[in-house]
file final_7.txt (compact mmCIF, C-alpha atoms)
# COMPACT_ATOMS: atom_id res chain seq x y z
CA MET A 1 37.94 -44.43 44.81
CA ALA A 2 35.24 -42.94 42.66
CA LEU A 3 34.80 -39.19 43.10
CA SER A 4 32.06 -37.88 45.39
CA ARG A 5 29.55 -35.39 44.04
CA GLU A 6 31.55 -32.63 45.71
CA GLN A 7 34.79 -33.83 44.14
CA ILE A 8 33.21 -33.89 40.68
CA ALA A 9 32.15 -30.27 41.27
CA GLN A 10 35.62 -29.45 42.57
CA ARG A 11 37.23 -30.88 39.43
CA VAL A 12 34.85 -28.89 37.21
CA ALA A 13 35.69 -25.73 39.17
CA ARG A 14 39.30 -26.01 37.95
CA GLU A 15 38.01 -25.08 34.49
CA LEU A 16 36.74 -21.71 35.78
CA GLN A 17 38.61 -18.55 34.85
CA ASP A 18 38.57 -15.10 36.36
CA GLY A 19 35.89 -13.01 34.64
CA PHE A 20 33.85 -15.99 33.37
CA TYR A 21 30.06 -15.88 32.99
CA VAL A 22 28.86 -19.37 33.94
CA ASN A 23 25.56 -21.23 33.81
CA LEU A 24 25.25 -24.11 36.26
CA GLY A 25 22.53 -26.73 35.83
CA ILE A 26 20.59 -28.48 38.57
CA GLY A 27 22.26 -31.16 40.75
CA ILE A 28 26.06 -31.63 40.81
CA PRO A 29 26.64 -28.56 38.55
CA THR A 30 25.06 -26.33 41.23
CA LEU A 31 27.75 -27.49 43.69
CA VAL A 32 30.46 -25.95 41.48
CA ALA A 33 29.50 -22.58 42.98
CA ASN A 34 30.95 -23.80 46.31
CA PHE A 35 34.40 -24.27 44.80
CA ILE A 36 35.04 -20.96 43.06
CA PRO A 37 38.68 -20.19 44.00
CA GLU A 38 39.28 -17.39 46.48
CA GLY A 39 39.87 -14.05 44.76
CA MET A 40 38.38 -15.18 41.43
CA GLU A 41 35.39 -13.24 40.08
CA VAL A 42 32.77 -15.39 38.36
CA MET A 43 29.20 -14.32 37.48
CA LEU A 44 26.56 -17.05 37.64
CA GLN A 45 23.78 -16.87 35.06
CA SER A 46 20.36 -18.30 35.84
CA GLU A 47 18.18 -18.75 32.77
CA ASN A 48 15.01 -17.37 34.32
CA GLY A 49 16.61 -13.94 33.88
CA LEU A 50 19.41 -13.30 36.36
CA LEU A 51 23.12 -12.63 35.85
CA GLY A 52 25.04 -12.43 39.11
CA MET A 53 23.27 -15.01 41.28
CA GLY A 54 24.28 -14.89 44.95
CA PRO A 55 23.90 -17.35 47.83
CA PHE A 56 20.58 -18.44 49.33
CA PRO A 57 18.94 -15.64 51.35
CA THR A 58 18.73 -15.48 55.13
CA ASP A 59 15.23 -15.99 56.57
CA GLU A 60 14.70 -12.23 56.60
CA GLU A 61 15.92 -11.78 53.02
CA VAL A 62 13.60 -14.38 51.43
CA ASP A 63 11.69 -12.77 48.55
CA ALA A 64 9.16 -14.63 46.36
CA ASP A 65 10.18 -12.41 43.43
CA MET A 66 13.82 -13.45 43.65
CA ILE A 67 14.39 -17.01 42.46
CA ASN A 68 16.77 -19.02 40.26
CA ALA A 69 16.00 -21.41 37.42
CA GLY A 70 15.60 -24.23 39.96
CA LYS A 71 12.82 -22.10 41.50
CA GLN A 72 14.87 -21.73 44.70
CA THR A 73 14.94 -18.42 46.55
CA VAL A 74 18.29 -16.70 45.96
CA THR A 75 20.04 -13.34 46.29
CA THR A 76 22.06 -11.21 43.88
CA VAL A 77 25.72 -10.24 44.04
CA LYS A 78 27.14 -6.79 43.41
CA GLY A 79 27.14 -6.11 39.68
CA ALA A 80 24.12 -8.33 39.03
CA SER A 81 21.45 -7.63 36.44
CA ILE A 82 17.91 -8.92 35.96
CA PHE A 83 16.09 -9.17 32.64
CA SER A 84 13.46 -11.00 30.61
CA SER A 85 13.60 -14.63 29.47
CA ALA A 86 14.24 -13.50 25.87
CA GLU A 87 17.25 -11.45 26.98
CA SER A 88 18.44 -14.38 29.09
CA PHE A 89 18.33 -16.78 26.16
CA ALA A 90 19.90 -14.21 23.84
CA MET A 91 22.92 -14.47 26.15
CA ILE A 92 22.79 -18.26 26.03
CA ARG A 93 21.94 -18.75 22.35
CA GLY A 94 24.21 -15.93 21.24
CA GLY A 95 27.22 -17.69 22.75
CA HIS A 96 27.92 -15.06 25.40
CA VAL A 97 28.09 -17.48 28.33
CA ASP A 98 31.71 -18.63 28.85
CA LEU A 99 31.00 -21.97 30.50
CA THR A 100 27.94 -24.16 30.85
CA VAL A 101 27.87 -27.13 33.24
CA LEU A 102 25.03 -29.61 33.11
CA GLY A 103 24.11 -33.19 33.89
CA ALA A 104 23.19 -35.93 31.41
CA PHE A 105 21.84 -39.49 31.11
CA GLU A 106 24.19 -40.34 28.22
CA VAL A 107 26.87 -38.85 26.00
CA ASP A 108 28.47 -40.43 22.95
CA VAL A 109 31.68 -40.33 20.91
CA SER A 110 30.12 -37.84 18.46
CA GLY A 111 29.51 -35.30 21.22
CA ASN A 112 25.77 -35.98 21.34
CA ILE A 113 23.99 -35.59 24.66
CA ALA A 114 20.74 -37.11 25.99
CA SER A 115 19.48 -35.57 29.20
CA TRP A 116 15.76 -34.84 29.10
CA MET A 117 13.61 -37.79 28.12
CA ILE A 118 13.36 -41.49 28.87
CA PRO A 119 10.72 -43.06 26.60
CA GLY A 120 8.04 -44.82 28.59
CA LYS A 121 8.61 -42.62 31.61
CA LEU A 122 6.74 -39.37 32.09
CA ILE A 123 8.24 -36.56 30.05
CA LYS A 124 8.49 -33.39 32.07
CA GLY A 125 10.19 -31.22 29.50
CA MET A 126 13.58 -29.96 28.44
CA GLY A 127 13.42 -26.55 30.16
CA GLY A 128 16.43 -24.56 28.97
CA ALA A 129 18.78 -27.52 28.39
CA MET A 130 18.43 -27.64 24.59
CA ASP A 131 19.17 -23.92 24.33
CA LEU A 132 22.17 -24.25 26.64
CA VAL A 133 23.82 -27.07 24.71
CA ALA A 134 23.10 -25.50 21.31
CA GLY A 135 24.33 -22.05 22.32
CA ALA A 136 27.46 -22.69 24.33
CA ASP A 137 30.90 -23.43 22.96
CA ASN A 138 32.36 -24.51 26.27
CA ILE A 139 30.20 -27.16 27.95
CA ILE A 140 31.13 -29.59 30.70
CA VAL A 141 28.86 -32.55 31.35
CA THR A 142 28.86 -34.06 34.84
CA MET A 143 27.50 -37.56 35.38
CA THR A 144 28.26 -40.94 36.87
CA HIS A 145 30.32 -43.07 34.51
CA ALA A 146 27.94 -46.02 34.65
CA SER A 147 24.40 -46.64 35.87
CA LYS A 148 23.66 -48.34 39.18
CA HIS A 149 23.39 -51.58 37.21
CA GLY A 150 26.87 -51.03 35.76
CA GLU A 151 25.75 -49.97 32.28
CA SER A 152 28.05 -47.44 30.67
CA LYS A 153 26.70 -43.93 30.03
CA LEU A 154 29.56 -43.14 27.61
CA LEU A 155 28.34 -44.74 24.44
CA PRO A 156 29.16 -45.29 20.75
CA ALA A 157 25.79 -43.62 20.09
CA CYS A 158 23.21 -42.27 22.53
CA SER A 159 20.21 -44.59 22.85
CA LEU A 160 17.86 -41.96 24.33
CA PRO A 161 16.33 -38.99 22.46
CA LEU A 162 18.92 -36.24 22.14
CA THR A 163 19.09 -32.88 23.86
CA GLY A 164 21.71 -31.68 21.39
CA SER A 165 23.91 -33.10 18.66
CA GLY A 166 27.67 -32.78 18.31
CA CYS A 167 28.00 -30.20 21.05
CA ILE A 168 29.80 -31.90 23.95
CA LYS A 169 33.60 -31.88 24.21
CA LYS A 170 34.25 -32.33 27.96
CA VAL A 171 32.86 -34.78 30.52
CA VAL A 172 33.67 -35.16 34.21
CA THR A 173 32.44 -38.44 35.67
CA ASP A 174 33.00 -40.02 39.06
CA LEU A 175 35.86 -41.97 37.49
CA ALA A 176 37.54 -39.68 34.99
CA TYR A 177 37.93 -36.44 33.09
CA ILE A 178 37.34 -37.11 29.42
CA GLU A 179 37.43 -35.06 26.26
CA ILE A 180 35.59 -35.92 23.05
CA GLU A 181 37.46 -35.54 19.79
CA ASP A 182 37.21 -37.03 16.29
CA GLY A 183 34.68 -39.67 17.24
CA ALA A 184 36.37 -40.96 20.39
CA PHE A 185 36.61 -40.39 24.12
CA ILE A 186 40.11 -39.29 25.16
CA LEU A 187 40.97 -40.28 28.71
CA LYS A 188 42.67 -37.19 30.18
CA GLU A 189 42.66 -37.80 33.95
CA ARG A 190 41.53 -40.54 36.30
CA ALA A 191 40.03 -40.37 39.79
CA PRO A 192 42.49 -41.15 42.60
CA GLY A 193 43.06 -44.89 42.88
CA VAL A 194 40.91 -45.75 39.84
CA SER A 195 42.73 -47.79 37.21
CA VAL A 196 42.74 -47.11 33.49
CA GLU A 197 41.44 -50.66 32.99
CA GLU A 198 38.37 -49.99 35.15
CA ILE A 199 37.57 -46.81 33.24
CA VAL A 200 38.01 -48.50 29.87
CA SER A 201 35.83 -51.43 30.95
CA LYS A 202 33.04 -49.04 31.95
CA THR A 203 33.23 -47.02 28.71
CA ALA A 204 31.14 -48.52 25.91
CA GLY A 205 32.22 -46.00 23.24
CA LYS A 206 35.66 -45.98 21.60
CA MET A 207 38.23 -44.67 24.10
CA ILE A 208 41.75 -43.48 23.38
CA VAL A 209 44.15 -43.90 26.29
CA PRO A 210 47.30 -41.75 26.15
CA ASP A 211 50.58 -43.22 27.46
CA HIS A 212 50.30 -41.26 30.65
CA VAL A 213 46.94 -40.63 32.37
CA PRO A 214 47.53 -38.47 35.43
CA GLU A 215 45.62 -39.06 38.64
CA MET A 216 43.49 -36.17 39.91
CA VAL A 217 44.76 -34.58 43.09
CA PHE A 218 42.38 -33.17 45.72
CA MET B 219 -10.42 12.38 27.63
CA SER B 220 -9.81 8.81 28.69
CA GLY B 221 -8.24 7.30 25.57
CA PHE B 222 -5.16 6.31 27.51
CA ASN B 223 -6.86 5.27 30.70
CA LYS B 224 -6.44 1.51 30.64
CA VAL B 225 -7.33 0.87 34.25
CA VAL B 226 -10.30 -1.44 34.81
CA ASN B 227 -11.93 -1.95 38.16
CA SER B 228 -13.09 -5.55 38.16
CA TYR B 229 -11.62 -8.88 37.13
CA GLU B 230 -14.79 -9.55 35.07
CA GLU B 231 -13.93 -6.48 33.03
CA ALA B 232 -10.26 -7.46 32.90
CA MET B 233 -11.04 -10.78 31.20
CA ALA B 234 -14.11 -9.67 29.21
CA GLY B 235 -14.18 -11.15 25.72
CA LEU B 236 -12.40 -14.39 26.61
CA GLU B 237 -14.14 -17.25 24.82
CA ASP B 238 -13.92 -21.02 24.59
CA GLY B 239 -11.14 -22.24 22.30
CA MET B 240 -8.96 -19.17 22.62
CA THR B 241 -5.18 -19.05 23.04
CA ILE B 242 -3.79 -17.36 26.14
CA ILE B 243 -0.14 -16.40 26.62
CA ALA B 244 0.77 -16.22 30.29
CA GLY B 245 3.81 -14.70 31.98
CA GLY B 246 5.58 -16.29 34.94
CA PHE B 247 8.33 -18.80 35.74
CA GLY B 248 7.23 -21.54 38.11
CA LEU B 249 5.07 -19.63 40.57
CA CYS B 250 7.20 -16.47 40.31
CA GLY B 251 5.53 -13.51 38.63
CA ILE B 252 2.30 -15.30 37.70
CA PRO B 253 -0.96 -13.40 37.15
CA GLU B 254 -2.68 -15.15 40.05
CA ASN B 255 -5.97 -13.29 40.02
CA LEU B 256 -6.42 -13.30 36.26
CA ILE B 257 -6.01 -17.09 36.37
CA THR B 258 -8.61 -17.27 39.15
CA GLN B 259 -10.95 -15.19 36.99
CA ILE B 260 -10.54 -17.61 34.07
CA LYS B 261 -11.45 -20.44 36.44
CA LYS B 262 -14.53 -18.54 37.66
CA LYS B 263 -15.56 -17.75 34.11
CA GLY B 264 -15.40 -21.46 33.23
CA THR B 265 -13.95 -20.91 29.76
CA THR B 266 -12.86 -24.21 28.17
CA ASP B 267 -10.85 -25.67 25.29
CA LEU B 268 -8.08 -23.22 26.04
CA THR B 269 -4.60 -23.36 24.59
CA ILE B 270 -2.19 -21.94 27.13
CA VAL B 271 1.32 -20.81 26.32
CA SER B 272 3.35 -20.60 29.50
CA ASN B 273 6.75 -21.86 30.61
CA ASN B 274 5.12 -24.05 33.27
CA CYS B 275 1.62 -25.07 34.35
CA GLY B 276 1.65 -24.03 38.00
CA ILE B 277 1.29 -26.69 40.69
CA ASP B 278 -1.68 -28.66 42.01
CA GLY B 279 -4.13 -26.14 43.43
CA PHE B 280 -2.21 -22.98 42.55
CA GLY B 281 -1.38 -20.94 39.47
CA LEU B 282 -2.37 -22.40 36.10
CA GLY B 283 -2.79 -25.76 37.87
CA ILE B 284 -6.27 -24.66 39.00
CA LEU B 285 -7.46 -24.54 35.38
CA LEU B 286 -6.84 -28.29 35.14
CA GLU B 287 -9.37 -29.01 37.90
CA ASP B 288 -12.36 -28.42 35.60
CA LYS B 289 -10.47 -29.48 32.49
CA GLN B 290 -10.44 -25.98 31.02
CA ILE B 291 -7.11 -26.51 29.26
CA LYS B 292 -7.04 -28.38 25.95
CA LYS B 293 -3.38 -27.81 25.17
CA MET B 294 -0.27 -26.52 26.94
CA ILE B 295 2.76 -25.10 25.14
CA SER B 296 5.51 -25.17 27.78
CA SER B 297 9.15 -26.02 28.41
CA TYR B 298 8.72 -27.83 31.72
CA VAL B 299 5.59 -29.29 33.28
CA GLY B 300 6.97 -31.59 35.98
CA GLU B 301 5.47 -30.09 39.14
CA ASN B 302 1.90 -31.16 38.76
CA ALA B 303 0.19 -34.50 39.53
CA LEU B 304 -3.15 -33.56 37.94
CA PHE B 305 -1.32 -32.49 34.80
CA GLU B 306 0.34 -35.91 34.63
CA LYS B 307 -2.97 -37.70 35.13
CA GLN B 308 -4.78 -35.77 32.40
CA LEU B 309 -1.84 -36.12 30.04
CA LEU B 310 -1.68 -39.89 30.48
CA ALA B 311 -5.48 -40.12 30.09
CA GLY B 312 -5.27 -38.27 26.78
CA GLU B 313 -7.42 -35.41 28.10
CA LEU B 314 -4.66 -32.88 27.68
CA GLU B 315 -2.24 -32.17 24.87
CA VAL B 316 1.24 -30.81 25.49
CA GLU B 317 3.74 -29.27 23.09
CA LEU B 318 7.11 -29.24 24.83
CA THR B 319 9.18 -26.34 23.58
CA PRO B 320 12.74 -25.41 24.60
CA GLN B 321 12.64 -22.49 27.01
CA GLY B 322 14.66 -20.11 24.85
CA THR B 323 12.62 -21.03 21.78
CA LEU B 324 9.43 -20.39 23.77
CA ALA B 325 10.65 -16.93 24.82
CA GLU B 326 11.70 -16.13 21.26
CA LYS B 327 8.36 -17.38 19.86
CA MET B 328 6.58 -14.84 22.06
CA ARG B 329 9.07 -12.07 21.32
CA ALA B 330 8.87 -12.70 17.58
CA GLY B 331 5.08 -13.01 17.70
CA GLY B 332 4.80 -9.63 19.36
CA ALA B 333 7.27 -8.08 16.93
CA GLY B 334 5.48 -9.23 13.78
CA ILE B 335 8.11 -11.81 12.84
CA PRO B 336 6.30 -15.00 11.73
CA ALA B 337 9.22 -17.42 12.15
CA PHE B 338 12.92 -17.64 12.91
CA PHE B 339 15.82 -20.08 12.65
CA THR B 340 17.58 -21.49 15.70
CA ALA B 341 20.17 -24.18 16.39
CA THR B 342 18.24 -25.18 19.52
CA GLY B 343 16.58 -28.55 18.99
CA PHE B 344 18.33 -29.46 15.74
CA GLY B 345 18.99 -33.22 15.66
CA THR B 346 16.54 -33.81 18.53
CA PRO B 347 12.84 -34.77 18.61
CA VAL B 348 12.04 -31.03 18.73
CA GLY B 349 13.46 -30.64 15.22
CA ASP B 350 11.44 -33.51 13.71
CA GLY B 351 9.43 -32.38 10.70
CA LYS B 352 10.70 -28.80 10.84
CA GLU B 353 12.42 -27.03 7.97
CA VAL B 354 16.24 -27.10 8.26
CA ARG B 355 18.52 -24.46 6.74
CA GLU B 356 22.27 -24.17 6.84
CA PHE B 357 23.91 -20.85 7.68
CA ASN B 358 27.72 -20.54 7.80
CA GLY B 359 28.09 -24.30 7.93
CA ARG B 360 25.73 -24.88 10.84
CA SER B 361 22.21 -26.37 10.74
CA TYR B 362 19.21 -24.50 12.10
CA ILE B 363 15.53 -25.38 12.38
CA MET B 364 12.66 -23.04 11.60
CA GLU B 365 10.37 -22.23 14.51
CA GLU B 366 7.10 -20.33 14.07
CA SER B 367 6.24 -17.47 16.38
CA ILE B 368 3.21 -17.36 18.68
CA THR B 369 0.52 -14.79 19.28
CA GLY B 370 -2.42 -15.11 21.63
CA ASP B 371 -6.03 -13.95 21.72
CA PHE B 372 -5.18 -12.85 25.25
CA ALA B 373 -1.96 -12.24 27.14
CA ILE B 374 -2.12 -12.31 30.92
CA VAL B 375 0.73 -10.56 32.66
CA LYS B 376 1.86 -9.88 36.23
CA GLY B 377 3.63 -6.56 36.78
CA TRP B 378 4.83 -4.69 39.86
CA LYS B 379 3.76 -1.11 39.10
CA ALA B 380 1.85 0.41 36.22
CA ASP B 381 0.34 3.77 35.38
CA ARG B 382 -2.98 4.38 33.65
CA TYR B 383 -1.15 4.56 30.30
CA GLY B 384 -0.27 0.88 30.69
CA ASN B 385 3.43 1.45 31.26
CA VAL B 386 4.70 -1.43 33.39
CA VAL B 387 7.73 -2.27 35.51
CA TYR B 388 8.44 -5.72 36.91
CA ARG B 389 10.07 -6.60 40.20
CA HIS B 390 13.26 -8.73 40.29
CA THR B 391 13.01 -12.14 38.61
CA ALA B 392 9.22 -11.86 38.50
CA GLN B 393 9.97 -10.25 35.13
CA ASN B 394 10.82 -13.53 33.29
CA PHE B 395 8.33 -14.17 30.46
CA ASN B 396 5.99 -11.30 31.38
CA PRO B 397 7.28 -8.54 29.08
CA LEU B 398 7.35 -11.03 26.17
CA ALA B 399 3.81 -12.22 26.83
CA ALA B 400 2.71 -8.58 27.03
CA THR B 401 3.76 -7.93 23.43
CA ALA B 402 2.08 -11.02 21.98
CA GLY B 403 -1.58 -10.73 23.00
CA LYS B 404 -4.37 -9.32 20.84
CA VAL B 405 -5.75 -8.24 24.19
CA THR B 406 -3.06 -7.77 26.82
CA VAL B 407 -4.19 -7.63 30.43
CA VAL B 408 -1.70 -6.67 33.14
CA GLU B 409 -2.37 -7.05 36.85
CA VAL B 410 -0.08 -5.17 39.19
CA GLU B 411 0.58 -4.59 42.86
CA GLU B 412 0.28 -0.84 42.54
CA ILE B 413 -1.09 1.70 40.11
CA VAL B 414 0.93 4.90 40.26
CA GLU B 415 0.27 8.42 39.04
CA PRO B 416 1.29 9.20 35.44
CA GLY B 417 4.85 10.52 35.44
CA GLU B 418 5.84 8.60 38.53
CA LEU B 419 7.51 5.83 36.55
CA ASP B 420 10.84 6.97 35.11
CA PRO B 421 10.48 6.68 31.29
CA THR B 422 13.99 5.24 31.04
CA GLN B 423 13.14 2.41 33.45
CA ILE B 424 9.90 1.14 31.91
CA HIS B 425 10.04 -2.53 30.92
CA THR B 426 6.75 -2.71 28.98
CA PRO B 427 5.68 0.47 27.20
CA GLY B 428 1.94 1.12 27.37
CA ILE B 429 1.41 0.64 23.63
CA TYR B 430 1.33 -3.14 24.21
CA VAL B 431 -1.16 -3.00 27.04
CA ASP B 432 -4.97 -2.89 26.79
CA ARG B 433 -6.12 -3.29 30.37
CA VAL B 434 -4.55 -2.72 33.78
CA ILE B 435 -5.93 -3.87 37.10
CA VAL B 436 -4.57 -3.67 40.62
CA GLY B 437 -4.73 -6.80 42.78
CA THR B 438 -3.36 -8.46 45.89
CA PHE B 439 -1.09 -11.46 45.55
CA GLU B 440 -0.26 -14.51 47.61
CA LYS B 441 3.15 -14.97 45.88
CA ARG B 442 3.60 -18.56 46.91
CA ILE B 443 7.22 -19.81 47.04
CA GLU B 444 7.94 -23.14 45.35
CA GLN B 445 11.37 -23.88 46.87
CA ARG B 446 12.12 -21.87 49.96
CA THR B 447 15.89 -22.18 50.35
CA VAL B 448 17.78 -20.24 53.04
CA ARG B 449 21.29 -20.08 54.42
CA SER B 450 21.84 -20.14 58.15

call {"tool": "encode", "arguments": {"input": "final_7.txt", "output": "structure tokens"}}
result
Amino acid sequence: MALSREQIAQRVARELQDGFYVNLGIGIPTLVANFIPEGMEVMLQSENGLLGMGPFPTDEEVDADMINAGKQTVTTVKGASIFSSAESFAMIRGGHVDLTVLGAFEVDVSGNIASWMIPGKLIKGMGGAMDLVAGADNIIVTMTHASKHGESKLLPACSLPLTGSGCIKKVVTDLAYIEIEDGAFILKERAPGVSVEEIVSKTAGKMIVPDHVPEMVF
Amino acid sequence: MSGFNKVVNSYEEAMAGLEDGMTIIAGGFGLCGIPENLITQIKKKGTTDLTIVSNNCGIDGFGLGILLEDKQIKKMISSYVGENALFEKQLLAGELEVELTPQGTLAEKMRAGGAGIPAFFTATGFGTPVGDGKEVREFNGRSYIMEESITGDFAIVKGWKADRYGNVVYRHTAQNFNPLAATAGKVTVVEVEEIVEPGELDPTQIHTPGIYVDRVIVGTFEKRIEQRTVRS
């Protein structure tokens, strides 16, 4: 069975470490916050200028001046700080954020990522995504392995305009956990009940399959 | 002596000197921390051919979105403009130009502009359409593109409290681009929720020192929420 959105987030959450500063993108990455292990301290960074993002507010707590990068009303946790956009991106571009999780349309064997623009469709903008992928050392991309029409999103070379080049090393899809190394996808783990053959058939870029590919356990 | 009294009493006075074709740098992220009343004044004034530097362009009928209604904006320099149907329409009709800029690069362009730094190198955008045509330099084995800084004829800023010296503090995440915009305007106008007595703001807590600020005005704000999310 392919992983649900929650399971993808749950798998990503296993990469968290106590004391990490983490930036979570919109969509599946946001769900990772629900799977931070009990007793682990993680600070969530939101690029509009907040380190230490808390849960959504109660009705009484809602404050128009307190939002996250998705423009949702949020709260702060103990130990939080608030600052300008330049300070926020100094953290991101200066490599101070320990883990960045974001979605994508495509990734390729060279670690390129395309996530912001589909030619012919309206271009809304890249927001902070280009800064995040250029600044972080430890990035996890979450996405479905193939499009609804069955076209692979793990490619020999991205076909869409890039968000960043040579910056992606880890991908969690609904079918597998994959690392990118020396111009190939390395199949590290597979979703429960999903065969290696299925994953390989849905991966357009060169894929290296180790002798043993463990099944994820949830 | 009133050399340091920057308080003005009308929005006409606050935006006096704004002319067609000027560049305005605006603070705010989405609808959070936007100079609502200064934007309304620009609409009233009817100034056109404006270049606006702002992370977003408001929404239909609110924030910078209202300046689209009479086609006052010639060009937007933004990182994300997806919340606005009129924006889309004018863009597709070729009535509006947009220069999409990565959010961190946009913040740094303002910061550098205000600090007298004409350009800087960043890895953001290298190898992407953003890097096309820009100078590339290698530092320590990594490629960087040159980005030029931005200054504006006007900066419009939303603060929380200010004193008559133009010292400003911002509230929560309504800070965002505001302190950067404040440094980068030839004329910087700050509208706030409250003007306090000199000395009331703790000097160690001031976000924008008064040296950057030319005019201060007190206003009332709707503070519309774009995505009201609550937990039960």

call {"tool": "interface_residues", "arguments": {"input": "final_7.txt", "of": "chain B", "to": "chain A", "cutoff": "7 Å", "atoms": "all atoms listed in the file", "output": "JSON, numbers by chain"}}
result
{"B": [247, 248, 250, 251, 297, 298, 299, 300, 318, 320, 321, 322, 325, 326, 341, 342, 343, 344, 345, 346, 347, 389, 390, 391, 392, 393, 394, 395, 397, 441, 442, 443, 444, 445, 446, 447, 448, 449, 450]}

call {"tool": "atom_distance", "arguments": {"input": "final_7.txt", "atom1": "atom CA of B:Val271", "atom2": "atom CA of B:Ile243"}}
result
4.7 Å

call {"tool": "residues_around", "arguments": {"input": "final_7.txt", "residues": "B:Arg355", "least_positions_apart": "6", "cutoff": "12 Å", "atoms": "all atoms listed in the file", "output": "number ranges by chain"}}
result
B: 338-341, 344, 349, 361-365

call {"tool": "write_last_selection", "arguments": {"input": "final_7.txt", "atoms": "C-alpha atoms", "output": "mmCIF file, in the coordinates of the input"}}
result
data_model
loop_
_atom_site.group_PDB
_atom_site.id
_atom_site.type_symbol
_atom_site.label_atom_id
_atom_site.label_comp_id
_atom_site.auth_asym_id
_atom_site.auth_seq_id
_atom_site.Cartn_x
_atom_site.Cartn_y
_atom_site.Cartn_z
ATOM 1 C CA PHE B 338 12.920 -17.640 12.910
ATOM 2 C CA PHE B 339 15.820 -20.080 12.650
ATOM 3 C CA THR B 340 17.580 -21.490 15.700
ATOM 4 C CA ALA B 341 20.170 -24.180 16.390
ATOM 5 C CA PHE B 344 18.330 -29.460 15.740
ATOM 6 C CA GLY B 349 13.460 -30.640 15.220
ATOM 7 C CA SER B 361 22.210 -26.370 10.740
ATOM 8 C CA TYR B 362 19.210 -24.500 12.100
ATOM 9 C CA ILE B 363 15.530 -25.380 12.380
ATOM 10 C CA MET B 364 12.660 -23.040 11.600
ATOM 11 C CA GLU B 365 10.370 -22.230 14.510
#

call {"tool": "atom_distance", "arguments": {"input": "final_7.txt", "atom1": "atom CA of A:Ile28", "atom2": "atom CA of A:Ala13"}}
result
11.4 Å

call {"tool": "atom_distance", "arguments": {"input": "final_7.txt", "atom1": "atom CA of B:Asn396", "atom2": "atom CA of A:Leu44"}}
result
22.3 Å
